[in-house]
Amino acid sequence: MWAALLAALLMMLGLQATTSAADGTGSADTAAAEQVLTWTAGDSITEYTSAPTTAVAGPATIVFENSAATGNTTGMPHTLTFVTSDPEFNNDVQLNILANPADAQGGKHTAEVTLTPGRYFYHCTIPGHGEMQGILTVTEGSGEDTTAPEATAKVTGSQNAEGQYVGSASVTVEATDEGSGVDRIEYAVGADGAWQPYTAPVVVDQVGAHTVRYRALDKAGNVSAEKSVAFTVVAPPTDDTTAPETSATVDGEKNADGAYIDMATVTVTASDTGTGVNTIEYAIGADGAWQAYTGPVMVHQVGTHTVRYRATDRAGNTAAEKSVEFTVVAAPPQDTTPPATGVTVEGTKNSDGAYVGDATVTLSADDGHGGSGVAAIEYSLDGGPYLAYTEPVVVDRAGRHTVAYRASDKAGNTSEPLTVSFTVVADGGVPAPNCPEYDERLTVIVGTVDSGVPNRVTNNRCRIGELIEDEKEWTSQALFLKHVKSVLDKLKKEGVVDQREYRAINKAARQSGIGKPGQTDGYRKIMDGTQESFAKWEQVGGGSFALNPDGSITSGTTKGGLGMLWFPERTYGDFSLKLQWRDDAPGTGNANSGVFVRFPQIHDHPEEPRPEWAAIKYGHEIQVFDSPTGDMYKTGSVYGFDRVGLAGAGVTQKGTWNDYEIRVVDQHYSVYRNGVLINEFDNTGGQDFTPPRSDDPGTDGRRFASGYIGLQVHGTTDVVSYRDVRIREL
């Protein structure tokens, strides 16, 4: 099935793979080139298991293997594609090989090519494999080096009288080459083990008989014949007679009866306080054969299953057999029908049909018999953000109003928004007020400081917070405070606020810092480090962000995967978005994230495979990625449309906070890092993916002039932290 799907995809992209027989010798009537370049792939979707970095000009045999022998245990297909549309690299080799462990060649393919001096850029064309890429550098060469390196290995360790190694054995591999020089050494443990780069002596401490295979490759692409060393490891003398302790857990999505839907995952653990655990084994069913346990066991077949397990320590003690029993059932038919919604508006009407004083809007939803059930009802008042509906909505401001409403079910289906419109009038039918700002929050918040004073409607029917104008760009704090005082003086005289509330709002205005150099200057914080602020954001897709004690948030610490944290309260058109980010990736890794802007309502696109794809396909991602290798889009890039290299943005020290500003006016994007402009981009369409992404909408009008804000979570190894997210509409 994978092969058929990927073949169709490659045909759609206009790519063709030219391969020969799986034995690596080429076709019957084509002599194999003297230079052999080998790529291998396994379970990873971020990097090839091995790949050459250099070659010499002239004929070459390209070998691409993606099989069980190279470490592919999942059946995942991969491709090896030479890019021909990037002017920075050679474009004279047309190569696109699709390799699948289950294909007719067993996942091993060859192709004959002629290389010219320069650089070739290669990558995997399968979506989601974007970081499987690299560069092959080709130099002028005589082409005379056809001799493979000489490789030798030596096993060392403490041996007993029978020549067995006690406790562990260490295998040291060396290689020499008189021609182009040794490029690398590889080794594999066991007859079926995957080839791995050799960087240090291989220590084997598992009790039993072992074989370590090895080979060497030179810079001309010659590969030495495979050799091996065999040896036996035995446990040190011990009086350990106690078997290991074992346990197992079963995980997966359950139905109401406790059965696992589609799949159950069995995880086995063992511990031994004596000589240590040597092997763990499992068997499926009462008569199933024992197999080596190397990772969680996934059971997909519908029915009742028993998984047996046991462990043996290095002294030879085997634990008593244990088992877990569970049932796997097929998933119920997918619910693809959104809920049906209803609305009623109640209140006292005048002769014109307008509601006097207020109108009460009541919403309802029904997912029908056999549906997954209503998960949520949402409403939007007068074009504002969608809010969760929990009780009837009372609209008491005079004017014409429109309430949009929709509902989603537990299967993720969201109904098309419907609307109801009505008019609310005060005595005399006064029109809606013309307020300086729109602020429907419950309390008066100045900048980011909550005064605690109710944000009540004043005598001119504007709310208090709408008269403060804290989003205006004030040139000094003194001028802002003078404005606030004049507003409060009038409200106090009219009896809207008392003396205590007057002082509270005035104090909040001083603490806000609005108008001060380097302060908020009209920016509204949409993530201020509090749990209340963090709760206003919504996670979709995989992964997660965690709120830290210092008010920052960090990706991938509790849950990995690709997803997005987005701010659903409102959309933004022209704006300046400011925040700080920090590279917190573990070890020598690098943060990989991005800021999504101007994407549509996530839940309005149920056709997408995952909710966050609405941001990827219809918005723009401003990249956060400082790695000198991997993805070509570095920090400041508009992903898929405008590349910035490390020379343009530079690399910052890990663990250091960076200021980031994204300024968008009409379709012009400006990206500032630590106060320096590192990219400008005009959104006229035209992506620069190589090859083009077939699922991108391009220039057909779906790149929006306004939309939502989001932060990407990429995984658990490319961790990034954010803080102080604030925005000002321009």
# chains A, B, ... in the order shown; residues from 1 in each chain; ligands from 1

$ residues_around --residues "A:Tyr572" --least-positions-apart "6" --cutoff "9 Å" --atoms "only C-alpha atoms" --output "JSON, numbers by chain"
{"A": [597, 598, 705, 706, 707, 708, 709, 729]}

$ write_last_selection --atoms "C-alpha atoms" --output "PDB file, in the first residue's frame"
ATOM      1  CA  VAL A 597       0.744  34.696  11.540  1.00  0.00           C
ATOM      2  CA  ARG A 598      -2.363  35.595   9.560  1.00  0.00           C
ATOM      3  CA  ALA A 705      -4.907  39.929   4.920  1.00  0.00           C
ATOM      4  CA  SER A 706      -5.683  39.224   8.581  1.00  0.00           C
ATOM      5  CA  GLY A 707      -5.732  36.213  10.867  1.00  0.00           C
ATOM      6  CA  TYR A 708      -4.611  34.592  14.079  1.00  0.00           C
ATOM      7  CA  ILE A 709      -1.253  34.252  15.893  1.00  0.00           C
ATOM      8  CA  GLU A 729      -2.247  46.884  15.707  1.00  0.00           C
TER       9      GLU A 729
END

$ residues_around --residues "A:Leu577" --least-positions-apart "5" --cutoff "9 Å" --atoms "only C-alpha atoms" --output "PDB file with all heavy atoms, in the first residue's frame"
ATOM      1  N   TYR A 523       1.540  48.350  23.086  1.00  0.00           N
ATOM      2  CA  TYR A 523       1.454  46.910  22.846  1.00  0.00           C
ATOM      3  C   TYR A 523       0.587  46.260  23.916  1.00  0.00           C
ATOM      4  O   TYR A 523       0.686  46.595  25.090  1.00  0.00           O
ATOM      5  CB  TYR A 523       2.844  46.264  22.877  1.00  0.00           C
ATOM      6  CG  TYR A 523       3.657  46.541  21.644  1.00  0.00           C
ATOM      7  CD1 TYR A 523       4.402  47.717  21.525  1.00  0.00           C
ATOM      8  CD2 TYR A 523       3.677  45.641  20.587  1.00  0.00           C
ATOM      9  CE1 TYR A 523       5.146  47.975  20.392  1.00  0.00           C
ATOM     10  CE2 TYR A 523       4.423  45.895  19.448  1.00  0.00           C
ATOM     11  CZ  TYR A 523       5.151  47.066  19.355  1.00  0.00           C
ATOM     12  OH  TYR A 523       5.878  47.317  18.235  1.00  0.00           O
ATOM     13  N   TYR A 660      12.429  39.372  19.228  1.00  0.00           N
ATOM     14  CA  TYR A 660      11.940  39.075  17.883  1.00  0.00           C
ATOM     15  C   TYR A 660      10.756  39.991  17.606  1.00  0.00           C
ATOM     16  O   TYR A 660       9.829  40.059  18.415  1.00  0.00           O
ATOM     17  CB  TYR A 660      11.492  37.618  17.833  1.00  0.00           C
ATOM     18  CG  TYR A 660      11.746  36.869  16.547  1.00  0.00           C
ATOM     19  CD1 TYR A 660      12.749  37.232  15.672  1.00  0.00           C
ATOM     20  CD2 TYR A 660      10.977  35.764  16.206  1.00  0.00           C
ATOM     21  CE1 TYR A 660      12.995  36.526  14.516  1.00  0.00           C
ATOM     22  CE2 TYR A 660      11.216  35.042  15.042  1.00  0.00           C
ATOM     23  CZ  TYR A 660      12.235  35.438  14.208  1.00  0.00           C
ATOM     24  OH  TYR A 660      12.468  34.723  13.063  1.00  0.00           O
ATOM     25  N   GLU A 661      10.801  40.732  16.518  1.00  0.00           N
ATOM     26  CA  GLU A 661       9.658  41.546  16.099  1.00  0.00           C
ATOM     27  C   GLU A 661       9.273  41.168  14.684  1.00  0.00           C
ATOM     28  O   GLU A 661      10.130  41.100  13.794  1.00  0.00           O
ATOM     29  CB  GLU A 661       9.953  43.043  16.146  1.00  0.00           C
ATOM     30  CG  GLU A 661       8.739  43.885  15.699  1.00  0.00           C
ATOM     31  CD  GLU A 661       9.019  45.370  15.610  1.00  0.00           C
ATOM     32  OE1 GLU A 661      10.176  45.764  15.795  1.00  0.00           O
ATOM     33  OE2 GLU A 661       8.063  46.128  15.343  1.00  0.00           O
ATOM     34  N   ILE A 662       7.988  40.905  14.479  1.00  0.00           N
ATOM     35  CA  ILE A 662       7.426  40.624  13.158  1.00  0.00           C
ATOM     36  C   ILE A 662       6.442  41.743  12.857  1.00  0.00           C
ATOM     37  O   ILE A 662       5.421  41.884  13.532  1.00  0.00           O
ATOM     38  CB  ILE A 662       6.722  39.257  13.136  1.00  0.00           C
ATOM     39  CG1 ILE A 662       7.711  38.149  13.519  1.00  0.00           C
ATOM     40  CG2 ILE A 662       6.105  38.995  11.775  1.00  0.00           C
ATOM     41  CD1 ILE A 662       7.043  36.847  13.875  1.00  0.00           C
ATOM     42  N   ARG A 663       6.770  42.529  11.856  1.00  0.00           N
ATOM     43  CA  ARG A 663       5.936  43.688  11.502  1.00  0.00           C
ATOM     44  C   ARG A 663       5.306  43.419  10.136  1.00  0.00           C
ATOM     45  O   ARG A 663       6.010  43.133   9.164  1.00  0.00           O
ATOM     46  CB  ARG A 663       6.780  44.961  11.470  1.00  0.00           C
ATOM     47  CG  ARG A 663       6.006  46.233  11.165  1.00  0.00           C
ATOM     48  CD  ARG A 663       6.939  47.420  11.147  1.00  0.00           C
ATOM     49  NE  ARG A 663       7.414  47.735  12.486  1.00  0.00           N
ATOM     50  CZ  ARG A 663       6.899  48.669  13.274  1.00  0.00           C
ATOM     51  NH1 ARG A 663       5.876  49.384  12.834  1.00  0.00           N
ATOM     52  NH2 ARG A 663       7.387  48.899  14.462  1.00  0.00           N
ATOM     53  N   VAL A 664       3.971  43.495  10.067  1.00  0.00           N
ATOM     54  CA  VAL A 664       3.247  43.186   8.838  1.00  0.00           C
ATOM     55  C   VAL A 664       2.336  44.365   8.487  1.00  0.00           C
ATOM     56  O   VAL A 664       1.483  44.750   9.290  1.00  0.00           O
ATOM     57  CB  VAL A 664       2.401  41.898   8.991  1.00  0.00           C
ATOM     58  CG1 VAL A 664       1.728  41.569   7.671  1.00  0.00           C
ATOM     59  CG2 VAL A 664       3.267  40.743   9.457  1.00  0.00           C
ATOM     60  N   VAL A 725       4.902  37.807  25.081  1.00  0.00           N
ATOM     61  CA  VAL A 725       4.304  37.941  23.751  1.00  0.00           C
ATOM     62  C   VAL A 725       3.326  39.119  23.773  1.00  0.00           C
ATOM     63  O   VAL A 725       2.378  39.122  24.555  1.00  0.00           O
ATOM     64  CB  VAL A 725       3.572  36.642  23.346  1.00  0.00           C
ATOM     65  CG1 VAL A 725       3.038  36.774  21.924  1.00  0.00           C
ATOM     66  CG2 VAL A 725       4.502  35.446  23.461  1.00  0.00           C
ATOM     67  N   ARG A 726       3.555  40.099  22.916  1.00  0.00           N
ATOM     68  CA  ARG A 726       2.725  41.307  22.921  1.00  0.00           C
ATOM     69  C   ARG A 726       2.544  41.793  21.489  1.00  0.00           C
ATOM     70  O   ARG A 726       3.387  41.540  20.624  1.00  0.00           O
ATOM     71  CB  ARG A 726       3.359  42.397  23.793  1.00  0.00           C
ATOM     72  CG  ARG A 726       4.781  42.744  23.421  1.00  0.00           C
ATOM     73  CD  ARG A 726       5.545  43.334  24.615  1.00  0.00           C
ATOM     74  NE  ARG A 726       6.854  43.847  24.236  1.00  0.00           N
ATOM     75  CZ  ARG A 726       7.934  43.109  24.091  1.00  0.00           C
ATOM     76  NH1 ARG A 726       7.867  41.806  24.275  1.00  0.00           N
ATOM     77  NH2 ARG A 726       9.091  43.650  23.752  1.00  0.00           N
ATOM     78  N   ILE A 727       1.442  42.503  21.243  1.00  0.00           N
ATOM     79  CA  ILE A 727       1.104  42.891  19.869  1.00  0.00           C
ATOM     80  C   ILE A 727       0.476  44.271  19.876  1.00  0.00           C
ATOM     81  O   ILE A 727      -0.196  44.677  20.831  1.00  0.00           O
ATOM     82  CB  ILE A 727       0.156  41.844  19.230  1.00  0.00           C
ATOM     83  CG1 ILE A 727       0.047  42.059  17.729  1.00  0.00           C
ATOM     84  CG2 ILE A 727      -1.209  41.849  19.903  1.00  0.00           C
ATOM     85  CD1 ILE A 727      -0.591  40.898  16.996  1.00  0.00           C
ATOM     86  N   ARG A 728       0.732  45.008  18.794  1.00  0.00           N
ATOM     87  CA  ARG A 728       0.109  46.324  18.599  1.00  0.00           C
ATOM     88  C   ARG A 728      -0.416  46.385  17.180  1.00  0.00           C
ATOM     89  O   ARG A 728       0.310  46.092  16.221  1.00  0.00           O
ATOM     90  CB  ARG A 728       1.126  47.445  18.814  1.00  0.00           C
ATOM     91  CG  ARG A 728       0.497  48.840  18.755  1.00  0.00           C
ATOM     92  CD  ARG A 728       1.536  49.925  18.896  1.00  0.00           C
ATOM     93  NE  ARG A 728       2.323  50.072  17.685  1.00  0.00           N
ATOM     94  CZ  ARG A 728       3.501  50.690  17.629  1.00  0.00           C
ATOM     95  NH1 ARG A 728       4.051  51.155  18.725  1.00  0.00           N
ATOM     96  NH2 ARG A 728       4.149  50.798  16.483  1.00  0.00           N
ATOM     97  N   GLU A 729      -1.671  46.736  17.039  1.00  0.00           N
ATOM     98  CA  GLU A 729      -2.247  46.884  15.707  1.00  0.00           C
ATOM     99  C   GLU A 729      -1.773  48.200  15.106  1.00  0.00           C
ATOM    100  O   GLU A 729      -1.712  49.229  15.779  1.00  0.00           O
ATOM    101  CB  GLU A 729      -3.767  46.824  15.789  1.00  0.00           C
ATOM    102  CG  GLU A 729      -4.266  45.462  16.254  1.00  0.00           C
ATOM    103  CD  GLU A 729      -5.767  45.336  16.213  1.00  0.00           C
ATOM    104  OE1 GLU A 729      -6.297  44.977  15.161  1.00  0.00           O
ATOM    105  OE2 GLU A 729      -6.392  45.600  17.250  1.00  0.00           O
TER     106      GLU A 729
END

$ closest_atom_pairs --of "stretch 105-135 of chain A" --to "stretch 85-99 of chain A" --cutoff "8 Å" --atoms "only C-alpha atoms" --output "Markdown table"
| residue | atom | partner | partner_atom | distance |
| --- | --- | --- | --- | --- |
| A:Gly107 | CA | A:Ala99 | CA | 4.8 |
| A:Lys108 | CA | A:Ala99 | CA | 6.7 |
| A:His109 | CA | A:Ala99 | CA | 7.0 |
| A:Val113 | CA | A:Val93 | CA | 6.9 |
| A:Thr114 | CA | A:Val93 | CA | 7.4 |
| A:Leu115 | CA | A:Val93 | CA | 7.3 |
| A:Thr116 | CA | A:Asn90 | CA | 7.9 |
| A:Gly118 | CA | A:Asn90 | CA | 6.4 |
| A:Arg119 | CA | A:Phe89 | CA | 5.3 |
| A:Tyr120 | CA | A:Asn90 | CA | 5.3 |
| A:Phe121 | CA | A:Phe89 | CA | 6.2 |

$ closest_residue --among "A:Asp528, A:Glu494, A:Asp682, A:Asp489" --to "A:Gly447" --atoms "only C-alpha atoms"
A:Asp528

$ select_by_dssp --residues "stretch 226-352 of chain A" --states "strand (DSSP E)" --output "CSV table (one decimal) with N, CA, C and O atoms, in the first residue's frame"
chain,number,residue,atom,x,y,z
A,227,LYS,N,34.0,-8.1,6.6
A,227,LYS,CA,34.7,-9.1,7.5
A,227,LYS,C,34.0,-9.2,8.8
A,227,LYS,O,33.1,-8.3,9.1
A,228,SER,N,34.3,-10.1,9.6
A,228,SER,CA,33.7,-10.2,10.9
A,228,SER,C,34.6,-10.9,11.9
A,228,SER,O,35.6,-11.6,11.6
A,229,VAL,N,34.3,-10.6,13.2
A,229,VAL,CA,34.9,-11.3,14.3
A,229,VAL,C,33.8,-12.0,15.2
A,229,VAL,O,32.7,-11.4,15.3
A,230,ALA,N,34.0,-13.2,15.6
A,230,ALA,CA,33.1,-13.9,16.5
A,230,ALA,C,33.7,-14.2,17.8
A,230,ALA,O,34.9,-14.5,17.9
A,231,PHE,N,32.9,-14.1,18.9
A,231,PHE,CA,33.4,-14.3,20.2
A,231,PHE,C,32.2,-14.6,21.1
A,231,PHE,O,31.0,-14.4,20.7
A,232,THR,N,32.5,-15.0,22.3
A,232,THR,CA,31.4,-15.3,23.3
A,232,THR,C,31.7,-14.6,24.6
A,232,THR,O,32.8,-14.5,25.0
A,233,VAL,N,30.6,-14.0,25.2
A,233,VAL,CA,30.7,-13.2,26.4
A,233,VAL,C,30.0,-14.1,27.5
A,233,VAL,O,28.9,-14.6,27.3
A,234,VAL,N,30.7,-14.3,28.6
A,234,VAL,CA,30.1,-15.0,29.7
A,234,VAL,C,30.1,-14.1,31.0
A,234,VAL,O,30.8,-13.2,31.0
A,245,GLU,N,13.2,-9.1,38.3
A,245,GLU,CA,11.8,-8.7,38.5
A,245,GLU,C,11.3,-8.2,37.2
A,245,GLU,O,11.9,-7.4,36.5
A,246,THR,N,10.1,-8.6,36.8
A,246,THR,CA,9.5,-8.2,35.5
A,246,THR,C,8.1,-7.6,35.7
A,246,THR,O,7.4,-8.0,36.7
A,247,SER,N,7.7,-6.7,34.8
A,247,SER,CA,6.4,-6.2,34.8
A,247,SER,C,6.0,-5.7,33.4
A,247,SER,O,6.9,-5.6,32.6
A,248,ALA,N,4.7,-5.5,33.1
A,248,ALA,CA,4.3,-5.1,31.8
A,248,ALA,C,3.1,-4.2,32.0
A,248,ALA,O,2.3,-4.4,32.9
A,249,THR,N,3.0,-3.3,31.1
A,249,THR,CA,1.8,-2.4,31.0
A,249,THR,C,1.2,-2.4,29.6
A,249,THR,O,1.9,-2.6,28.6
A,250,VAL,N,-0.1,-2.2,29.5
A,250,VAL,CA,-0.8,-2.1,28.2
A,250,VAL,C,-1.4,-0.7,28.1
A,250,VAL,O,-2.0,-0.2,29.0
A,251,ASP,N,-1.1,-0.1,27.0
A,251,ASP,CA,-1.5,1.3,26.7
A,251,ASP,C,-2.3,1.4,25.4
A,251,ASP,O,-2.1,0.5,24.5
A,260,TYR,N,-9.3,-2.1,23.7
A,260,TYR,CA,-8.4,-1.1,23.0
A,260,TYR,C,-8.9,-0.9,21.6
A,260,TYR,O,-9.1,-1.9,20.9
A,261,ILE,N,-9.0,0.3,21.2
A,261,ILE,CA,-9.5,0.6,19.8
A,261,ILE,C,-8.3,0.7,18.8
A,261,ILE,O,-7.4,1.4,19.0
A,264,ALA,N,-3.2,-2.0,20.7
A,264,ALA,CA,-2.8,-2.0,22.1
A,264,ALA,C,-1.2,-2.0,22.1
A,264,ALA,O,-0.6,-2.8,21.2
A,265,THR,N,-0.6,-1.3,23.0
A,265,THR,CA,0.9,-1.3,23.0
A,265,THR,C,1.3,-1.9,24.4
A,265,THR,O,0.9,-1.4,25.4
A,266,VAL,N,2.1,-3.0,24.3
A,266,VAL,CA,2.6,-3.7,25.5
A,266,VAL,C,4.0,-3.3,25.8
A,266,VAL,O,4.9,-3.5,24.9
A,267,THR,N,4.3,-2.7,26.9
A,267,THR,CA,5.6,-2.3,27.3
A,267,THR,C,6.1,-3.2,28.5
A,267,THR,O,5.4,-3.3,29.5
A,268,VAL,N,7.2,-3.8,28.3
A,268,VAL,CA,7.8,-4.8,29.3
A,268,VAL,C,9.0,-4.1,29.9
A,268,VAL,O,9.9,-3.6,29.2
A,269,THR,N,9.2,-4.2,31.2
A,269,THR,CA,10.3,-3.8,31.9
A,269,THR,C,10.9,-4.9,32.8
A,269,THR,O,10.1,-5.7,33.3
A,270,ALA,N,12.2,-4.8,33.1
A,270,ALA,CA,12.8,-5.8,34.0
A,270,ALA,C,13.9,-5.1,34.7
A,270,ALA,O,14.6,-4.2,34.2
A,271,SER,N,14.2,-5.6,35.9
A,271,SER,CA,15.3,-5.0,36.8
A,271,SER,C,15.9,-6.2,37.5
A,271,SER,O,15.3,-7.2,37.8
A,277,VAL,N,20.2,-7.3,34.2
A,277,VAL,CA,19.4,-8.0,33.1
A,277,VAL,C,20.2,-8.2,31.9
A,277,VAL,O,20.9,-7.3,31.4
A,278,ASN,N,20.1,-9.4,31.3
A,278,ASN,CA,20.8,-9.8,30.1
A,278,ASN,C,19.9,-9.7,28.9
A,278,ASN,O,20.1,-9.1,27.9
A,279,THR,N,18.7,-10.4,29.0
A,279,THR,CA,17.7,-10.4,27.9
A,279,THR,C,16.3,-10.3,28.4
A,279,THR,O,16.0,-10.7,29.6
A,280,ILE,N,15.4,-9.7,27.6
A,280,ILE,CA,14.0,-9.7,27.9
A,280,ILE,C,13.3,-10.4,26.6
A,280,ILE,O,13.7,-10.1,25.5
A,281,GLU,N,12.4,-11.3,26.9
A,281,GLU,CA,11.7,-12.0,25.8
A,281,GLU,C,10.2,-11.9,25.9
A,281,GLU,O,9.7,-11.7,27.0
A,282,TYR,N,9.5,-12.0,24.8
A,282,TYR,CA,8.0,-12.0,24.8
A,282,TYR,C,7.5,-13.0,23.8
A,282,TYR,O,8.2,-13.4,22.9
A,283,ALA,N,6.3,-13.4,24.0
A,283,ALA,CA,5.6,-14.2,23.0
A,283,ALA,C,4.1,-13.9,23.0
A,283,ALA,O,3.5,-13.5,24.0
A,284,ILE,N,3.5,-13.9,21.8
A,284,ILE,CA,2.1,-13.6,21.6
A,284,ILE,C,1.3,-14.9,21.5
A,284,ILE,O,1.6,-15.7,20.7
A,291,GLN,N,10.5,-14.3,21.5
A,291,GLN,CA,11.2,-13.4,20.6
A,291,GLN,C,11.9,-12.4,21.5
A,291,GLN,O,11.5,-12.1,22.6
A,292,ALA,N,13.1,-11.9,21.0
A,292,ALA,CA,13.8,-10.9,21.8
A,292,ALA,C,13.0,-9.6,21.9
A,292,ALA,O,12.5,-9.1,20.9
A,297,VAL,N,5.7,-3.6,22.2
A,297,VAL,CA,5.0,-4.5,21.2
A,297,VAL,C,3.6,-4.0,20.9
A,297,VAL,O,2.8,-3.8,21.8
A,298,MET,N,3.4,-3.7,19.6
A,298,MET,CA,2.1,-3.2,19.1
A,298,MET,C,1.3,-4.3,18.5
A,298,MET,O,1.7,-5.0,17.6
A,299,VAL,N,0.1,-4.4,19.1
A,299,VAL,CA,-0.8,-5.5,18.6
A,299,VAL,C,-2.0,-4.8,17.9
A,299,VAL,O,-2.8,-4.1,18.6
A,303,GLY,N,-9.4,-8.9,18.4
A,303,GLY,CA,-9.6,-10.1,19.1
A,303,GLY,C,-9.0,-10.0,20.5
A,303,GLY,O,-8.4,-8.9,20.9
A,304,THR,N,-9.1,-11.1,21.3
A,304,THR,CA,-8.5,-11.2,22.6
A,304,THR,C,-7.1,-11.8,22.5
A,304,THR,O,-6.9,-12.8,21.8
A,305,HIS,N,-6.1,-11.1,23.2
A,305,HIS,CA,-4.7,-11.5,23.1
A,305,HIS,C,-4.1,-11.7,24.4
A,305,HIS,O,-4.5,-11.1,25.4
A,306,THR,N,-3.1,-12.6,24.5
A,306,THR,CA,-2.3,-12.8,25.6
A,306,THR,C,-0.8,-12.6,25.2
A,306,THR,O,-0.4,-13.2,24.2
A,307,VAL,N,-0.1,-11.7,25.9
A,307,VAL,CA,1.3,-11.5,25.7
A,307,VAL,C,2.1,-12.0,26.9
A,307,VAL,O,1.9,-11.5,28.0
A,308,ARG,N,2.9,-13.0,26.7
A,308,ARG,CA,3.7,-13.6,27.7
A,308,ARG,C,5.1,-12.9,27.7
A,308,ARG,O,5.6,-12.5,26.7
A,309,TYR,N,5.8,-12.9,28.9
A,309,TYR,CA,7.1,-12.2,28.9
A,309,TYR,C,7.9,-12.8,30.1
A,309,TYR,O,7.4,-13.4,31.0
A,310,ARG,N,9.2,-12.7,29.9
A,310,ARG,CA,10.1,-13.2,30.9
A,310,ARG,C,11.5,-12.5,30.7
A,310,ARG,O,11.7,-11.8,29.7
A,311,ALA,N,12.4,-12.6,31.7
A,311,ALA,CA,13.7,-12.0,31.6
A,311,ALA,C,14.8,-12.9,32.2
A,311,ALA,O,14.5,-13.7,33.1
A,312,THR,N,16.0,-12.8,31.7
A,312,THR,CA,17.1,-13.6,32.2
A,312,THR,C,18.2,-12.6,32.5
A,312,THR,O,18.5,-11.7,31.8
A,313,ASP,N,18.9,-12.9,33.7
A,313,ASP,CA,20.0,-12.0,34.1
A,313,ASP,C,21.3,-12.6,33.6
A,313,ASP,O,21.3,-13.7,32.9
A,322,LYS,N,5.3,-14.5,33.0
A,322,LYS,CA,4.1,-13.7,33.3
A,322,LYS,C,3.4,-13.4,32.0
A,322,LYS,O,3.9,-13.6,30.9
A,323,SER,N,2.2,-12.8,32.2
A,323,SER,CA,1.4,-12.5,31.0
A,323,SER,C,0.4,-11.3,31.3
A,323,SER,O,0.1,-11.1,32.4
A,324,VAL,N,0.0,-10.7,30.2
A,324,VAL,CA,-1.0,-9.7,30.2
A,324,VAL,C,-2.1,-10.1,29.2
A,324,VAL,O,-1.7,-10.6,28.1
A,325,GLU,N,-3.3,-9.8,29.5
A,325,GLU,CA,-4.4,-10.2,28.5
A,325,GLU,C,-5.2,-8.9,28.2
A,325,GLU,O,-5.5,-8.1,29.1
A,326,PHE,N,-5.7,-8.8,27.0
A,326,PHE,CA,-6.4,-7.6,26.6
A,326,PHE,C,-7.2,-7.9,25.3
A,326,PHE,O,-6.9,-8.9,24.7
A,327,THR,N,-8.1,-7.0,25.0
A,327,THR,CA,-8.9,-7.2,23.8
A,327,THR,C,-8.7,-5.9,22.9
A,327,THR,O,-8.7,-4.8,23.3
A,328,VAL,N,-8.6,-6.2,21.6
A,328,VAL,CA,-8.5,-5.1,20.6
A,328,VAL,C,-9.7,-5.2,19.7
A,328,VAL,O,-10.1,-6.3,19.2
A,329,VAL,N,-10.4,-4.0,19.5
A,329,VAL,CA,-11.6,-3.9,18.7
A,329,VAL,C,-11.4,-2.9,17.6
A,329,VAL,O,-10.5,-2.0,17.7
A,340,ALA,N,-26.0,19.8,14.5
A,340,ALA,CA,-27.0,20.8,14.1
A,340,ALA,C,-27.2,21.8,15.2
A,340,ALA,O,-27.2,21.5,16.4
A,341,THR,N,-27.3,23.1,14.8
A,341,THR,CA,-27.3,24.1,15.8
A,341,THR,C,-28.7,24.9,15.7
A,341,THR,O,-29.3,24.9,14.7
A,342,GLY,N,-29.0,25.5,16.9
A,342,GLY,CA,-30.3,26.3,16.9
A,342,GLY,C,-30.1,27.5,17.8
A,342,GLY,O,-29.1,27.6,18.6
A,343,VAL,N,-30.9,28.5,17.6
A,343,VAL,CA,-30.8,29.8,18.4
A,343,VAL,C,-32.2,30.4,18.6
A,343,VAL,O,-33.1,30.2,17.8
A,344,THR,N,-32.3,31.0,19.8
A,344,THR,CA,-33.5,31.8,20.1
A,344,THR,C,-33.0,33.1,20.7
A,344,THR,O,-32.0,33.2,21.4
A,345,VAL,N,-33.8,34.2,20.4
A,345,VAL,CA,-33.5,35.5,20.9
A,345,VAL,C,-34.8,36.0,21.7
A,345,VAL,O,-35.9,36.0,21.1
A,346,GLU,N,-34.6,36.3,22.9
A,346,GLU,CA,-35.8,36.7,23.7
A,346,GLU,C,-35.5,38.1,24.4
A,346,GLU,O,-34.4,38.5,24.6

$ atom_distance --atom1 "atom CA of A:Glu621" --atom2 "atom CA of A:Ser576"
15.1 Å

$ closest_atom_pairs --of "stretch 200-309 of chain A" --to "stretch 164-169 of chain A" --cutoff "10 Å" --atoms "only C-alpha atoms" --output "CSV"
residue,atom,partner,partner_atom,distance
A:Pro201,CA,A:Ala169,CA,9.8
A:Val202,CA,A:Ala169,CA,8.2
A:Val203,CA,A:Ala169,CA,5.8
A:Val204,CA,A:Ala169,CA,5.4
A:Asp205,CA,A:Ser168,CA,4.1
A:Gln206,CA,A:Ser168,CA,7.2
A:Val207,CA,A:Gly167,CA,7.6
A:Gly208,CA,A:Gln164,CA,9.7
A:Ala209,CA,A:Gln164,CA,9.3
A:His210,CA,A:Ala169,CA,9.9
A:Phe231,CA,A:Gln164,CA,7.0
A:Thr232,CA,A:Gln164,CA,5.3
A:Val233,CA,A:Tyr165,CA,4.7
A:Val234,CA,A:Val166,CA,5.1
A:Ala235,CA,A:Gly167,CA,5.1
A:Pro236,CA,A:Val166,CA,5.5
A:Pro237,CA,A:Val166,CA,8.6
A:Thr275,CA,A:Gly167,CA,9.7
